[in-house]
Structures are given as structure tokens and as C-alpha cells.
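Visitor: File run-v4.pdb below, PDB, C-alpha atoms:
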MODEL        1
ATOM      1  CA  MET A 112      10.842  -4.346   9.615  1.00  0.00           C
ATOM      2  CA  ASN A 113      13.886  -3.791   7.479  1.00  0.00           C
ATOM      3  CA  ASN A 114      13.735  -1.882   4.212  1.00  0.00           C
ATOM      4  CA  VAL A 115      14.562  -4.897   2.029  1.00  0.00           C
ATOM      5  CA  ARG A 116      11.646  -6.894   3.466  1.00  0.00           C
ATOM      6  CA  ARG A 117       9.322  -3.906   3.125  1.00  0.00           C
ATOM      7  CA  MET A 118      10.392  -3.247  -0.486  1.00  0.00           C
ATOM      8  CA  THR A 119       9.991  -6.940  -1.305  1.00  0.00           C
ATOM      9  CA  ILE A 120       6.472  -7.040   0.116  1.00  0.00           C
ATOM     10  CA  LEU A 121       5.517  -3.826  -1.743  1.00  0.00           C
ATOM     11  CA  ALA A 122       6.959  -5.204  -4.993  1.00  0.00           C
ATOM     12  CA  LEU A 123       4.984  -8.425  -4.548  1.00  0.00           C
ATOM     13  CA  LEU A 124       1.794  -6.516  -3.741  1.00  0.00           C
ATOM     14  CA  SER A 125       2.324  -4.333  -6.828  1.00  0.00           C
ATOM     15  CA  ALA A 126       2.862  -7.359  -9.071  1.00  0.00           C
ATOM     16  CA  ILE A 127      -0.143  -9.211  -7.665  1.00  0.00           C
ATOM     17  CA  SER A 128      -2.252  -6.070  -8.000  1.00  0.00           C
ATOM     18  CA  PHE A 129      -1.295  -5.735 -11.679  1.00  0.00           C
ATOM     19  CA  LEU A 130      -2.039  -9.421 -12.328  1.00  0.00           C
ATOM     20  CA  LEU A 131      -5.437  -9.149 -10.639  1.00  0.00           C
ATOM     21  CA  MET A 132      -6.336  -6.111 -12.747  1.00  0.00           C
ATOM     22  CA  PHE A 133      -4.987  -7.729 -15.920  1.00  0.00           C
ATOM     23  CA  ALA A 134      -6.710 -11.097 -15.443  1.00  0.00           C
ATOM     24  CA  LEU A 135      -9.868 -10.393 -13.436  1.00  0.00           C
ATOM     25  CA  GLU A 136     -11.325  -7.167 -14.836  1.00  0.00           C
ATOM     26  CA  PHE A 137     -15.055  -7.581 -15.562  1.00  0.00           C
ATOM     27  CA  PRO A 138     -18.258  -5.505 -15.723  1.00  0.00           C
ATOM     28  CA  LEU A 139     -20.636  -5.758 -12.774  1.00  0.00           C
ATOM     29  CA  PRO A 140     -24.230  -6.772 -13.559  1.00  0.00           C
ATOM     30  CA  GLY A 141     -26.626  -3.847 -13.565  1.00  0.00           C
ATOM     31  CA  PHE A 142     -24.015  -1.246 -14.512  1.00  0.00           C
ATOM     32  CA  PRO A 143     -22.845   0.034 -17.896  1.00  0.00           C
ATOM     33  CA  PRO A 144     -20.339  -2.462 -19.375  1.00  0.00           C
ATOM     34  CA  TYR A 145     -17.517   0.089 -19.518  1.00  0.00           C
ATOM     35  CA  LEU A 146     -17.551   0.347 -15.700  1.00  0.00           C
ATOM     36  CA  LYS A 147     -15.370  -2.636 -14.823  1.00  0.00           C
ATOM     37  CA  TYR A 148     -14.467  -4.114 -11.477  1.00  0.00           C
ATOM     38  CA  ASP A 149     -11.271  -5.879 -10.505  1.00  0.00           C
ATOM     39  CA  PRO A 150     -10.005  -6.798  -7.021  1.00  0.00           C
ATOM     40  CA  SER A 151      -6.562  -5.205  -7.486  1.00  0.00           C
ATOM     41  CA  ASP A 152      -7.171  -2.394  -4.979  1.00  0.00           C
ATOM     42  CA  VAL A 153      -7.067  -4.991  -2.198  1.00  0.00           C
ATOM     43  CA  CYS A 154      -3.266  -5.074  -2.601  1.00  0.00           C
ATOM     44  CA  GLY A 155      -3.038  -1.287  -2.310  1.00  0.00           C
ATOM     45  CA  LEU A 156      -5.161  -1.403   0.825  1.00  0.00           C
ATOM     46  CA  LEU A 157      -2.987  -4.121   2.362  1.00  0.00           C
ATOM     47  CA  ALA A 158       0.053  -1.933   1.708  1.00  0.00           C
ATOM     48  CA  ALA A 159      -1.660   1.181   3.114  1.00  0.00           C
ATOM     49  CA  PHE A 160      -2.761  -0.590   6.291  1.00  0.00           C
ATOM     50  CA  SER A 161       0.635  -2.203   6.787  1.00  0.00           C
ATOM     51  CA  PHE A 162       3.084   0.508   5.734  1.00  0.00           C
ATOM     52  CA  GLY A 163       1.049   3.701   5.477  1.00  0.00           C
ATOM     53  CA  PRO A 164      -0.920   5.546   2.795  1.00  0.00           C
ATOM     54  CA  ALA A 165       2.120   6.434   0.661  1.00  0.00           C
ATOM     55  CA  ALA A 166       2.999   2.748   0.316  1.00  0.00           C
ATOM     56  CA  GLY A 167      -0.581   1.980  -0.715  1.00  0.00           C
ATOM     57  CA  PHE A 168      -0.467   4.730  -3.314  1.00  0.00           C
ATOM     58  CA  LEU A 169       2.850   3.399  -4.613  1.00  0.00           C
ATOM     59  CA  VAL A 170       1.257  -0.027  -5.202  1.00  0.00           C
ATOM     60  CA  GLU A 171      -1.613   1.665  -7.065  1.00  0.00           C
ATOM     61  CA  LEU A 172       0.810   3.738  -9.152  1.00  0.00           C
ATOM     62  CA  VAL A 173       2.954   0.749 -10.170  1.00  0.00           C
ATOM     63  CA  LYS A 174      -0.175  -1.292 -10.987  1.00  0.00           C
ATOM     64  CA  SER A 175      -1.640   1.462 -13.165  1.00  0.00           C
ATOM     65  CA  ILE A 176       1.628   2.061 -15.034  1.00  0.00           C
ATOM     66  CA  LEU A 177       2.080  -1.680 -15.679  1.00  0.00           C
ATOM     67  CA  PHE A 178      -1.543  -2.011 -16.810  1.00  0.00           C
ATOM     68  CA  PHE A 179      -1.139   0.876 -19.239  1.00  0.00           C
ATOM     69  CA  LEU A 180       2.167  -0.513 -20.554  1.00  0.00           C
ATOM     70  CA  SER A 181       0.609  -3.973 -20.979  1.00  0.00           C
ATOM     71  CA  GLY A 182      -1.654  -2.608 -23.724  1.00  0.00           C
ATOM     72  CA  LYS A 183      -4.750  -4.190 -22.146  1.00  0.00           C
ATOM     73  CA  SER A 184      -6.216  -0.855 -21.084  1.00  0.00           C
ATOM     74  CA  ALA A 185      -8.953  -0.403 -23.693  1.00  0.00           C
ATOM     75  CA  ASP A 186      -9.193   3.242 -22.662  1.00  0.00           C
ATOM     76  CA  GLY A 187      -5.464   3.910 -22.886  1.00  0.00           C
ATOM     77  CA  ILE A 188      -3.854   6.514 -20.683  1.00  0.00           C
ATOM     78  CA  VAL A 189      -7.208   7.997 -19.669  1.00  0.00           C
ATOM     79  CA  GLY A 190      -8.413   4.630 -18.362  1.00  0.00           C
ATOM     80  CA  ALA A 191      -5.154   4.012 -16.536  1.00  0.00           C
ATOM     81  CA  ALA A 192      -5.334   7.515 -15.022  1.00  0.00           C
ATOM     82  CA  ALA A 193      -8.940   6.921 -13.923  1.00  0.00           C
ATOM     83  CA  ALA A 194      -7.918   3.630 -12.308  1.00  0.00           C
ATOM     84  CA  LEU A 195      -5.072   5.404 -10.509  1.00  0.00           C
ATOM     85  CA  VAL A 196      -7.340   8.178  -9.231  1.00  0.00           C
ATOM     86  CA  ALA A 197      -9.948   5.655  -8.036  1.00  0.00           C
ATOM     87  CA  GLY A 198      -7.522   3.233  -6.405  1.00  0.00           C
ATOM     88  CA  GLY A 199      -5.254   5.981  -5.106  1.00  0.00           C
ATOM     89  CA  THR A 200      -8.147   7.814  -3.498  1.00  0.00           C
ATOM     90  CA  LEU A 201      -9.476   4.635  -1.890  1.00  0.00           C
ATOM     91  CA  VAL A 202      -6.145   3.493  -0.434  1.00  0.00           C
ATOM     92  CA  VAL A 203      -4.912   6.916   0.691  1.00  0.00           C
ATOM     93  CA  ALA A 204      -8.192   7.866   2.404  1.00  0.00           C
ATOM     94  CA  ALA A 205      -8.524   4.446   4.057  1.00  0.00           C
ATOM     95  CA  GLY A 206      -4.819   4.328   4.938  1.00  0.00           C
ATOM     96  CA  LYS A 207      -4.826   7.807   6.504  1.00  0.00           C
ATOM     97  CA  THR A 208      -7.961   7.020   8.510  1.00  0.00           C
ATOM     98  CA  TYR A 209      -6.439   3.742   9.686  1.00  0.00           C
ATOM     99  CA  ALA A 210      -3.165   5.414  10.694  1.00  0.00           C
ATOM    100  CA  MET A 211      -4.911   8.283  12.526  1.00  0.00           C
ATOM    101  CA  GLY A 212      -7.582   6.376  14.362  1.00  0.00           C
ATOM    102  CA  LYS A 213      -8.062   3.288  16.373  1.00  0.00           C
ATOM    103  CA  ARG A 214      -6.911   1.116  13.465  1.00  0.00           C
ATOM    104  CA  SER A 215     -10.486   0.173  12.643  1.00  0.00           C
ATOM    105  CA  LEU A 216     -10.559  -1.607   9.287  1.00  0.00           C
ATOM    106  CA  ILE A 217     -14.298  -1.135   8.832  1.00  0.00           C
ATOM    107  CA  LEU A 218     -14.272   2.608   9.570  1.00  0.00           C
ATOM    108  CA  SER A 219     -11.197   3.109   7.391  1.00  0.00           C
ATOM    109  CA  LEU A 220     -12.703   1.197   4.480  1.00  0.00           C
ATOM    110  CA  LEU A 221     -15.988   3.105   4.837  1.00  0.00           C
ATOM    111  CA  VAL A 222     -14.143   6.440   4.692  1.00  0.00           C
ATOM    112  CA  GLY A 223     -12.111   5.204   1.707  1.00  0.00           C
ATOM    113  CA  THR A 224     -15.197   4.000  -0.157  1.00  0.00           C
ATOM    114  CA  ILE A 225     -17.144   7.221   0.377  1.00  0.00           C
ATOM    115  CA  THR A 226     -14.138   9.381  -0.528  1.00  0.00           C
ATOM    116  CA  MET A 227     -13.458   7.337  -3.673  1.00  0.00           C
ATOM    117  CA  THR A 228     -17.104   7.575  -4.713  1.00  0.00           C
ATOM    118  CA  VAL A 229     -17.244  11.362  -4.326  1.00  0.00           C
ATOM    119  CA  ILE A 230     -13.892  11.892  -6.072  1.00  0.00           C
ATOM    120  CA  MET A 231     -14.648   9.500  -8.942  1.00  0.00           C
ATOM    121  CA  VAL A 232     -18.120  10.868  -9.667  1.00  0.00           C
ATOM    122  CA  THR A 233     -16.652  14.372  -9.713  1.00  0.00           C
ATOM    123  CA  ALA A 234     -13.562  13.380 -11.738  1.00  0.00           C
ATOM    124  CA  ASN A 235     -15.634  11.399 -14.229  1.00  0.00           C
ATOM    125  CA  TYR A 236     -18.067  14.285 -14.668  1.00  0.00           C
ATOM    126  CA  PHE A 237     -15.478  17.026 -15.125  1.00  0.00           C
ATOM    127  CA  ILE A 238     -12.373  15.220 -16.428  1.00  0.00           C
ATOM    128  CA  PHE A 239     -12.554  11.612 -17.577  1.00  0.00           C
ATOM    129  CA  LEU A 240     -15.867  11.506 -19.463  1.00  0.00           C
ATOM    130  CA  PRO A 241     -15.030  14.735 -21.362  1.00  0.00           C
ATOM    131  CA  LEU A 242     -11.618  13.221 -22.229  1.00  0.00           C
ATOM    132  CA  TRP A 243     -13.480  10.197 -23.619  1.00  0.00           C
ATOM    133  CA  GLY A 244     -15.521  12.579 -25.764  1.00  0.00           C
ATOM    134  CA  LEU A 245     -18.653  13.028 -23.654  1.00  0.00           C
ATOM    135  CA  PRO A 246     -19.130  16.719 -22.812  1.00  0.00           C
ATOM    136  CA  THR A 247     -20.484  17.544 -19.359  1.00  0.00           C
ATOM    137  CA  HIS A 248     -23.737  18.911 -20.790  1.00  0.00           C
ATOM    138  CA  GLN A 249     -24.492  15.410 -22.153  1.00  0.00           C
ATOM    139  CA  ILE A 250     -23.918  13.652 -18.835  1.00  0.00           C
ATOM    140  CA  THR A 251     -27.363  12.737 -17.537  1.00  0.00           C
ATOM    141  CA  MET A 252     -28.566  12.019 -14.017  1.00  0.00           C
ATOM    142  CA  PRO A 253     -28.936   8.258 -14.706  1.00  0.00           C
ATOM    143  CA  LEU A 254     -25.239   8.167 -15.638  1.00  0.00           C
ATOM    144  CA  VAL A 255     -24.280  10.024 -12.451  1.00  0.00           C
ATOM    145  CA  ILE A 256     -26.404   7.580 -10.428  1.00  0.00           C
ATOM    146  CA  ALA A 257     -24.747   4.625 -12.208  1.00  0.00           C
ATOM    147  CA  MET A 258     -21.267   6.008 -11.472  1.00  0.00           C
ATOM    148  CA  THR A 259     -22.207   6.573  -7.831  1.00  0.00           C
ATOM    149  CA  GLY A 260     -23.691   3.103  -7.429  1.00  0.00           C
ATOM    150  CA  PHE A 261     -20.788   1.421  -9.196  1.00  0.00           C
ATOM    151  CA  ASN A 262     -18.171   3.088  -6.988  1.00  0.00           C
ATOM    152  CA  LEU A 263     -20.116   2.239  -3.828  1.00  0.00           C
ATOM    153  CA  VAL A 264     -20.495  -1.411  -4.878  1.00  0.00           C
ATOM    154  CA  LYS A 265     -16.828  -1.531  -5.927  1.00  0.00           C
ATOM    155  CA  GLY A 266     -15.812  -0.139  -2.539  1.00  0.00           C
ATOM    156  CA  VAL A 267     -17.977  -2.609  -0.619  1.00  0.00           C
ATOM    157  CA  ILE A 268     -16.733  -5.658  -2.549  1.00  0.00           C
ATOM    158  CA  THR A 269     -13.112  -4.526  -2.223  1.00  0.00           C
ATOM    159  CA  SER A 270     -13.617  -3.797   1.481  1.00  0.00           C
ATOM    160  CA  VAL A 271     -15.046  -7.234   2.224  1.00  0.00           C
ATOM    161  CA  LEU A 272     -12.193  -8.916   0.348  1.00  0.00           C
ATOM    162  CA  THR A 273      -9.644  -6.733   2.153  1.00  0.00           C
ATOM    163  CA  ILE A 274     -11.034  -7.547   5.605  1.00  0.00           C
ATOM    164  CA  ILE A 275     -10.950 -11.279   4.892  1.00  0.00           C
ATOM    165  CA  ILE A 276      -7.434 -11.228   3.436  1.00  0.00           C
ATOM    166  CA  TYR A 277      -5.928  -8.749   5.920  1.00  0.00           C
ATOM    167  CA  GLN A 278      -7.203 -10.675   8.926  1.00  0.00           C
ATOM    168  CA  SER A 279      -5.716 -13.915   7.627  1.00  0.00           C
ATOM    169  CA  LEU A 280      -2.376 -12.467   6.403  1.00  0.00           C
ATOM    170  CA  ARG A 281      -1.402  -9.941   9.031  1.00  0.00           C
ATOM    171  CA  THR A 282       0.100 -12.470  11.414  1.00  0.00           C
ATOM    172  CA  LYS A 283       1.521 -14.737   8.699  1.00  0.00           C
ATOM    173  CA  ILE A 284       3.645 -12.118   6.918  1.00  0.00           C
ATOM    174  CA  ALA A 285       3.816  -9.443   9.610  1.00  0.00           C
ATOM    175  CA  LEU A 286       1.272  -7.087   8.037  1.00  0.00           C
ATOM    176  CA  ARG A 287       0.505  -5.709  11.442  1.00  0.00           C
ATOM    177  CA  GLY A 288       0.110  -1.974  10.903  1.00  0.00           C
ATOM    178  CA  ALA A 289       3.825  -1.741  10.299  1.00  0.00           C
ATOM    179  CA  GLU A 290       6.149   0.164  12.516  1.00  0.00           C
ATOM    180  CA  ASN A 291       7.414   2.497   9.784  1.00  0.00           C
ATOM    181  CA  HIS A 292       4.516   4.195   8.042  1.00  0.00           C
ATOM    182  CA  ALA A 293       5.529   5.779   4.761  1.00  0.00           C
TER     183      ALA A 293
ENDMDL
END
What does the file become when written as C-alpha cells?
Guide:
Amino acid sequence: MNNVRRMTILALLSAISFLLMFALEFPLPGFPPYLKYDPSDVCGLLAAFSFGPAAGFLVELVKSILFFLSGKSADGIVGAAAALVAGGTLVVAAGKTYAMGKRSLILSLLVGTITMTVIMVTANYFIFLPLWGLPTHQITMPLVIAMTGFNLVKGVITSVLTIIIYQSLRTKIALRGAENHA
């Protein structure tokens, strides 16, 4: 695949990812309303599975920067950084697993979801929640359980969407575990 085609696909995935985050961000029932889901990480996963983990991270980075610059991020730079850490962790872990192994989408997405959950619970506890003004000594076990559950549900929903979309697109636009992993 030539570089122009690859860059075009990554630019499109980045733009679609931003639009999905901008237009479809919503709280999931049963979780605190500030924990919002959007399907934008699907684009990062498509990039990671097609062009390697660095390409997936690039899509996540562009999406997060555009979302911050759009002014829609209610949590400002901290929210955009949290979204980047969550999406970046998911796509890099899944992309690396996919590139290393037997190219199993399900295994890769499972590894990505578990890695994202562990990283986000830890990052929220020690970094993001304190930056939002909630000291670690005020973070209770129900909040940790909610963060864990949210990230697991987010990972499962994103994984199901990714499997459906990847299977239907990979032959149409040559997203076939691309020859040149980033």
C-alpha cells in the first residue's frame, strides 16, 4: 500500500473518529453521568489492526487534539488527556497483540480492553481525579468499581462494533492487516 493511500485512510479515520466523539458522546445507564461513552475508538482500532499500533495511536492523538480544540470537551485538557490515555491504551495494546499473534481480533480486543481498564482505573485514581479536584483519599471503593465497570463495558461495546466493522471493511478498502505496520 503506498504512503499516500495509507495517509489518506489514516486522515479519514482520524476525522471520522473526531466526529463520532463530537456527535455521539453520551453517558451509559448505570454509571455516573460524567463517565461518557462514544464509539470513536473503533477508528483507532481499525488503524491499529490495519497499519500497526503507532497508526492507531496517531488516530487517537489527532481525535483528542481536535476534540480539545473544538471546545466541546467539558473537562478541558484533562478530559482530552484522559480520552487519549484510554483510547491510546486500548488501540496500542490491541494493535500490538494483533501484530504479534495469530491476528485474532477477539484475543486482541480482550487484551486491549483489560489493559485499558487497568490503566484507566489507575490513572483516574492517581492522576485525573486529583486534577479534577478529588484527592485520592476521597476516592471510595464504589467509585473504583464504577470506573472498572465502565471501562469494561466501554471496551466490550467498542470491541463488538470493531469486529462488525472490520470484518465488513477489510476487503472493501484493503484493511487487511496492512503490509507496512507503523
Visitor: Residues proximal to (-16.8, 7.3, -22.5) were defined as those with any atom within 12 Å of that point in the file's coordinates, counting only C-alpha atoms. Which are they, as a ChimeraX atom specification?
Guide: /A:143-146,185-187,189-190,193,235-236,238-247,249-250,254,258
Visitor: Given the PyMOL selection byres ((chain A and resi 136) around 8) and the file above, list the residues it selects as an MDAnalysis selection string.
Guide: chainID A and resid 131:135 137:138 147:150
Visitor: Residue by residue, what does the PyMOL selection byres ((chain A and resi 160-171) around 9) grab here? Present the result as a ChimeraX atom specification.
Guide: /A:117,121-122,124-126,128-129,151-152,154-159,172-176,194-196,198-200,202-207,209-210,214,216,277,281,285-293
Visitor: Interatomic distance between atom CA of Met231 of chain A and atom CA of Gly260 of chain A?
Guide: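 Taking atom CA of Met231 of chain A and atom CA of Gly260 of chain A, their separation equals 11.2 Å.
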Visitor: Suppose you want the space between atom CA of Val222 of chain A and atom CA of Leu272 of chain A; what is it in Å?
Guide: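 Atom-to-atom, atom CA of Val222 of chain A and atom CA of Leu272 of chain A are spaced 16.1 Å apart.
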Visitor: Step by step, work through what the PyMOL selection byres ((chain A and resi 271) around 12) selects in the shown file, and finish by giving those residues as a PDB file with C-alpha atoms, keeping the file's coordinate frame.
Guide:
ATOM      1  CA  PRO A 150     -10.005  -6.798  -7.021  1.00  0.00           C
ATOM      2  CA  ASP A 152      -7.171  -2.394  -4.979  1.00  0.00           C
ATOM      3  CA  VAL A 153      -7.067  -4.991  -2.198  1.00  0.00           C
ATOM      4  CA  LEU A 156      -5.161  -1.403   0.825  1.00  0.00           C
ATOM      5  CA  LEU A 216     -10.559  -1.607   9.287  1.00  0.00           C
ATOM      6  CA  ILE A 217     -14.298  -1.135   8.832  1.00  0.00           C
ATOM      7  CA  LEU A 220     -12.703   1.197   4.480  1.00  0.00           C
ATOM      8  CA  LEU A 221     -15.988   3.105   4.837  1.00  0.00           C
ATOM      9  CA  THR A 224     -15.197   4.000  -0.157  1.00  0.00           C
ATOM     10  CA  VAL A 264     -20.495  -1.411  -4.878  1.00  0.00           C
ATOM     11  CA  LYS A 265     -16.828  -1.531  -5.927  1.00  0.00           C
ATOM     12  CA  GLY A 266     -15.812  -0.139  -2.539  1.00  0.00           C
ATOM     13  CA  VAL A 267     -17.977  -2.609  -0.619  1.00  0.00           C
ATOM     14  CA  ILE A 268     -16.733  -5.658  -2.549  1.00  0.00           C
ATOM     15  CA  THR A 269     -13.112  -4.526  -2.223  1.00  0.00           C
ATOM     16  CA  SER A 270     -13.617  -3.797   1.481  1.00  0.00           C
ATOM     17  CA  LEU A 272     -12.193  -8.916   0.348  1.00  0.00           C
ATOM     18  CA  THR A 273      -9.644  -6.733   2.153  1.00  0.00           C
ATOM     19  CA  ILE A 274     -11.034  -7.547   5.605  1.00  0.00           C
ATOM     20  CA  ILE A 275     -10.950 -11.279   4.892  1.00  0.00           C
ATOM     21  CA  ILE A 276      -7.434 -11.228   3.436  1.00  0.00           C
ATOM     22  CA  TYR A 277      -5.928  -8.749   5.920  1.00  0.00           C
ATOM     23  CA  GLN A 278      -7.203 -10.675   8.926  1.00  0.00           C
TER      24      GLN A 278
END
Visitor: So how many Å separate atom CA of Ile256 of chain A and atom CA of Ala192 of chain A, to one decimal?
Guide: 21.6 Å
Visitor: Pick the closest to Phe261 of chain A from A:Thr233, A:Thr228, A:Asn114, A:Ser219: which is it, counting all atoms listed in the file?
Guide: A:Thr228
Visitor: Specify the axis-aligned box that encloses all atoms of segment 148-166 of chain A listed in the file after padding of 5 Å on each side, stating its centre and edge lengths in Å to one decimal as lines of an AutoDock Vina configuration file.
Guide:
center_x = -5.7
center_y = -0.2
center_z = -2.3
size_x = 27.6
size_y = 23.2
size_z = 28.3
Visitor: Pick from A:Met227, A:Leu139, A:Ile127, A:Leu201: nearest to Phe178 of chain A, with only C-alpha atoms counted?
Guide: A:Ile127
